[in-house]
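Peer 1: Just entry31.cif, nothing more (mmCIF, C-alpha atoms):
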```
data_data
loop_
_atom_site.label_atom_id
_atom_site.label_comp_id
_atom_site.auth_asym_id
_atom_site.auth_seq_id
_atom_site.Cartn_x
_atom_site.Cartn_y
_atom_site.Cartn_z
CA MET Z 12 -136.51 19.74 -64.57
CA ALA Z 13 -136.55 22.40 -67.30
CA GLU Z 14 -132.90 21.76 -68.12
CA GLN Z 15 -133.48 18.00 -68.39
CA LEU Z 16 -136.51 18.51 -70.63
CA ALA Z 17 -134.47 20.85 -72.86
CA VAL Z 18 -131.75 18.19 -73.09
CA TRP Z 19 -134.33 15.57 -74.13
CA LEU Z 20 -135.87 17.89 -76.72
CA GLU Z 21 -132.59 19.21 -78.12
CA PRO Z 22 -132.10 16.37 -80.69
CA ILE Z 23 -135.56 17.10 -82.10
CA ALA Z 24 -134.88 20.84 -82.08
CA ALA Z 25 -131.52 20.26 -83.80
CA TRP Z 26 -133.24 18.22 -86.51
CA PHE Z 27 -135.72 21.04 -87.13
CA ARG Z 28 -132.88 23.61 -87.14
CA GLU Z 29 -131.13 21.56 -89.87
CA LEU Z 30 -134.21 21.95 -92.08
CA GLY Z 31 -133.35 25.64 -92.46
CA ILE Z 32 -136.75 26.90 -91.37
CA PRO Z 33 -136.64 30.71 -91.55
CA GLU Z 34 -136.28 32.39 -88.16
CA PRO Z 35 -139.57 34.33 -88.40
CA ILE Z 36 -141.41 31.00 -88.85
CA VAL Z 37 -139.63 29.46 -85.86
CA HIS Z 38 -140.25 32.58 -83.78
CA TRP Z 39 -143.82 33.46 -84.82
CA GLY Z 40 -145.20 30.22 -86.29
CA HIS Z 41 -146.52 28.91 -82.98
CA PRO Z 42 -148.32 32.12 -82.06
CA ALA Z 43 -149.82 32.51 -85.52
CA MET Z 44 -151.15 28.96 -85.67
CA MET Z 45 -152.36 28.93 -82.08
CA GLY Z 46 -153.98 32.33 -82.51
CA ILE Z 47 -156.04 30.87 -85.34
CA VAL Z 48 -156.98 27.82 -83.28
CA VAL Z 49 -157.98 29.81 -80.21
CA LEU Z 50 -159.71 32.70 -81.96
CA VAL Z 51 -161.47 30.80 -84.74
CA MET Z 52 -162.08 27.35 -83.31
CA GLY Z 53 -162.38 28.59 -79.73
CA THR Z 54 -164.97 31.17 -80.69
CA PHE Z 55 -166.91 28.62 -82.75
CA VAL Z 56 -166.82 26.03 -79.96
CA ALA Z 57 -167.90 28.57 -77.34
CA LEU Z 58 -170.70 30.01 -79.49
CA THR Z 59 -172.14 26.66 -80.55
CA GLY Z 60 -171.93 25.37 -76.99
CA TRP Z 61 -173.76 28.36 -75.56
CA GLN Z 62 -176.28 28.41 -78.43
CA GLY Z 63 -177.02 24.75 -77.77
CA ARG Z 64 -177.59 25.60 -74.14
CA VAL Z 65 -179.69 28.74 -74.65
CA LEU Z 66 -181.78 27.49 -77.59
CA THR Z 67 -182.99 24.50 -75.56
CA ALA Z 68 -185.64 26.77 -74.03
CA THR Z 69 -187.10 27.82 -77.41
CA ASP Z 70 -186.05 25.44 -80.20
CA ASP Z 71 -184.94 21.97 -79.19
CA ALA Z 72 -184.04 20.89 -82.75
CA ALA Z 73 -181.77 23.90 -83.30
CA ALA Z 74 -180.24 23.41 -79.85
CA SER Z 75 -179.52 19.78 -80.64
CA ALA Z 76 -177.83 20.75 -83.92
CA LYS Z 77 -175.65 23.34 -82.15
CA ARG Z 78 -174.67 20.82 -79.45
CA ALA Z 79 -173.73 18.33 -82.19
CA GLU Z 80 -171.52 20.94 -83.92
CA HIS Z 81 -169.91 21.76 -80.57
CA ALA Z 82 -169.26 18.08 -79.86
CA LYS Z 83 -167.59 17.61 -83.26
CA ILE Z 84 -165.24 20.60 -83.10
CA ALA Z 85 -164.33 20.80 -79.38
CA PRO Z 86 -162.22 17.59 -79.32
CA LEU Z 87 -160.34 18.74 -82.43
CA MET Z 88 -159.69 22.11 -80.82
CA PHE Z 89 -158.30 20.35 -77.75
CA LEU Z 90 -156.07 18.17 -79.96
CA PHE Z 91 -154.72 21.20 -81.85
CA ILE Z 92 -154.11 23.08 -78.61
CA ALA Z 93 -152.25 20.09 -77.13
CA LEU Z 94 -150.13 19.75 -80.27
CA GLY Z 95 -149.53 23.51 -80.31
CA TYR Z 96 -148.44 23.37 -76.68
CA THR Z 97 -145.80 20.82 -77.64
CA GLY Z 98 -144.79 22.93 -80.62
CA GLY Z 99 -144.45 26.03 -78.46
CA VAL Z 100 -142.10 24.29 -76.05
CA LEU Z 101 -140.10 22.91 -78.97
CA SER Z 102 -139.96 26.38 -80.54
CA LEU Z 103 -138.36 27.73 -77.37
CA VAL Z 104 -135.80 24.90 -77.40
CA MET Z 105 -135.05 25.62 -81.07
CA GLN Z 106 -134.46 29.28 -80.17
CA GLN Z 107 -132.34 28.19 -77.18
CA GLN Z 108 -134.62 30.01 -74.77
CA PRO Z 109 -135.49 28.88 -71.25
CA ILE Z 110 -138.59 26.72 -70.98
CA LEU Z 111 -141.09 26.16 -68.15
CA GLN Z 112 -140.37 29.62 -66.72
CA SER Z 113 -142.69 32.14 -68.33
CA PRO Z 114 -146.26 32.95 -67.31
CA HIS Z 115 -147.14 32.02 -70.90
CA PHE Z 116 -146.00 28.45 -70.27
CA TRP Z 117 -147.98 28.20 -67.04
CA THR Z 118 -151.20 29.64 -68.48
CA GLY Z 119 -150.90 27.17 -71.37
CA THR Z 120 -150.41 24.30 -68.95
CA GLY Z 121 -153.40 25.48 -66.92
CA ALA Z 122 -155.57 25.84 -70.02
CA ILE Z 123 -154.80 22.31 -71.19
CA ALA Z 124 -155.56 20.95 -67.72
CA ILE Z 125 -158.86 22.85 -67.56
CA LEU Z 126 -159.85 21.76 -71.06
CA ALA Z 127 -159.02 18.12 -70.21
CA ILE Z 128 -161.15 18.32 -67.06
CA ASN Z 129 -163.94 19.90 -69.08
CA GLY Z 130 -163.72 17.11 -71.63
CA ALA Z 131 -163.98 14.58 -68.81
CA ILE Z 132 -167.03 16.40 -67.47
CA SER Z 133 -168.72 16.14 -70.86
CA THR Z 134 -167.75 12.49 -71.26
CA PHE Z 135 -168.66 11.22 -67.82
CA GLY Z 136 -170.79 13.88 -66.16
CA PHE Z 137 -173.56 14.68 -68.62
CA SER Z 138 -175.36 11.44 -67.83
CA GLN Z 139 -175.33 12.41 -64.15
CA GLY Z 140 -177.60 15.42 -64.53
CA LYS Z 141 -177.98 18.98 -65.78
CA VAL Z 142 -175.67 20.43 -63.14
CA PHE Z 143 -172.69 18.96 -65.01
CA ARG Z 144 -173.79 20.67 -68.25
CA THR Z 145 -173.87 23.98 -66.36
CA ILE Z 146 -170.43 23.37 -64.86
CA HIS Z 147 -169.14 22.39 -68.32
CA SER Z 148 -170.45 25.63 -69.83
CA TYR Z 149 -168.78 27.89 -67.31
CA VAL Z 150 -165.53 25.92 -67.09
CA GLY Z 151 -165.24 26.00 -70.90
CA SER Z 152 -165.84 29.75 -70.95
CA ALA Z 153 -163.22 30.22 -68.24
CA ALA Z 154 -160.75 28.12 -70.27
CA LEU Z 155 -161.33 30.31 -73.33
CA GLY Z 156 -160.79 33.42 -71.20
CA LEU Z 157 -157.55 31.93 -69.88
CA LEU Z 158 -156.46 31.20 -73.46
CA ILE Z 159 -156.97 34.87 -74.36
CA ILE Z 160 -154.76 35.87 -71.42
CA HIS Z 161 -152.33 33.16 -72.54
CA GLY Z 162 -152.17 34.73 -76.00
CA ILE Z 163 -151.44 38.18 -74.58
CA LEU Z 164 -148.66 36.73 -72.44
CA GLY Z 165 -147.36 34.87 -75.49
CA LEU Z 166 -147.21 38.07 -77.53
CA LYS Z 167 -145.30 39.69 -74.71
CA LEU Z 168 -142.90 36.71 -74.61
CA GLY Z 169 -142.45 36.72 -78.37
CA LEU Z 170 -141.60 40.41 -78.41
CA SER Z 171 -139.08 39.94 -75.60
CA ILE Z 172 -136.97 37.28 -77.37
#
```
Would you mind giving the structure from this file in structure tokens?

Peer 2:
Amino acid sequence: MAEQLAVWLEPIAAWFRELGIPEPIVHWGHPAMMGIVVLVMGTFVALTGWQGRVLTATDDAAASAKRAEHAKIAPLMFLFIALGYTGGVLSLVMQQQPILQSPHFWTGTGAIAILAINGAISTFGFSQGKVFRTIHSYVGSAALGLLIIHGILGLKLGLSI
């Protein structure tokens, strides 16, 4: 499957190679951009989500504002992570490296799946009761933790190629 995917992506990778993008950008562009998304947006999304949850006990207006901020940024973070996932795979094809084999690939795949499930929980589960908000909080935190591990594995991968 990995070979077939690489064959399908090769024309796109060849087009990007023809642009003459400097090798350091091809090699380290994905980790730099995704590091920003995960560390900056991920931290903001996690903090506002937890603040919205914790402040409910003391200041409902502030909690509501934090939940609104969380709801605005979280979908964008997911979009950027999904696009970055695609860019990371394409970067490997551009560098003629194997794809779908590293732990970095699999943690990224897992993180996207967990974030998609968490988005579905927020979309469909919140109206079902508070238990889904609790599940959403912990699943989102676990996803962010997995993304940190993913970044470490990505740094290891980047240094090995």

Peer 1: If we count only C-alpha atoms and set the cut-off at 12 Å, which residues sit around range 15-26 of chain Z, ignoring sequence neighbours fewer than 4 positions away in its own chain? Please answer as a PyMOL selection string.

Peer 2: chain Z and resi 30-32+37+97-111

Peer 1: Between Z:Leu155, Z:Gly121, Z:Trp39, Z:Ala93, which is the closest to Thr54 in chain Z once you count only C-alpha atoms?

Peer 2: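 Result for the nearest residue to Thr54 in chain Z: Z:Leu155.
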
Peer 1: Distance CA of Phe143 in chain Z-CA of Ile128 in chain Z, one decimal place?

Peer 2: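 Answer for the CA of Phe143 in chain Z to CA of Ile128 in chain Z separation: 11.7 Å.
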
Peer 1: Fewer than 6 positions away in the same chain doesn't count, so skip those; otherwise give me all residues within 12 Å of Ala153 in chain Z, counting only C-alpha atoms, as a list in words.

Peer 2: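 Result of the neighbour search: Gly53, Ala57, Gly121, Ala122, Ile123, Ile125, Leu126, Asn129, Ile146, His147, Ile159 and Ile160 of chain Z.
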
Peer 1: Hey, what comes out of the PyMOL selection byres ((chain Z and resi 48) around 12) on this file? Could you write it as a PyMOL selection string?

Peer 2: chain Z and resi 41-47+49-56+84-85+87-96+155+158-159+162

Peer 1: Point out the residue among Z:Gly60, Z:Gly119, Z:Pro114, Z:Gly165 with the least atom-to-atom distance to Arg144 in chain Z, counting all atoms listed in the file.

Peer 2: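 That would be Z:Gly60, the residue with the smallest distance to Arg144 in chain Z.
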
Peer 1: Taking only C-alpha atoms into account, which of Z:Gln139, Z:Thr145, Z:Ser113, Z:Ser152 comes nearest Gly169 in chain Z?

Peer 2: Z:Ser113

Peer 1: Figure out the distance between CA of Glu29 in chain Z and CA of Thr120 in chain Z, please, to one decimal in Å.

Peer 2: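 It comes out at 28.6 Å.
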
Peer 1: At what distance in Å, to one decimal, does CA of Ser133 in chain Z lie from CA of Ala72 in chain Z?

Peer 2: 20.0 Å
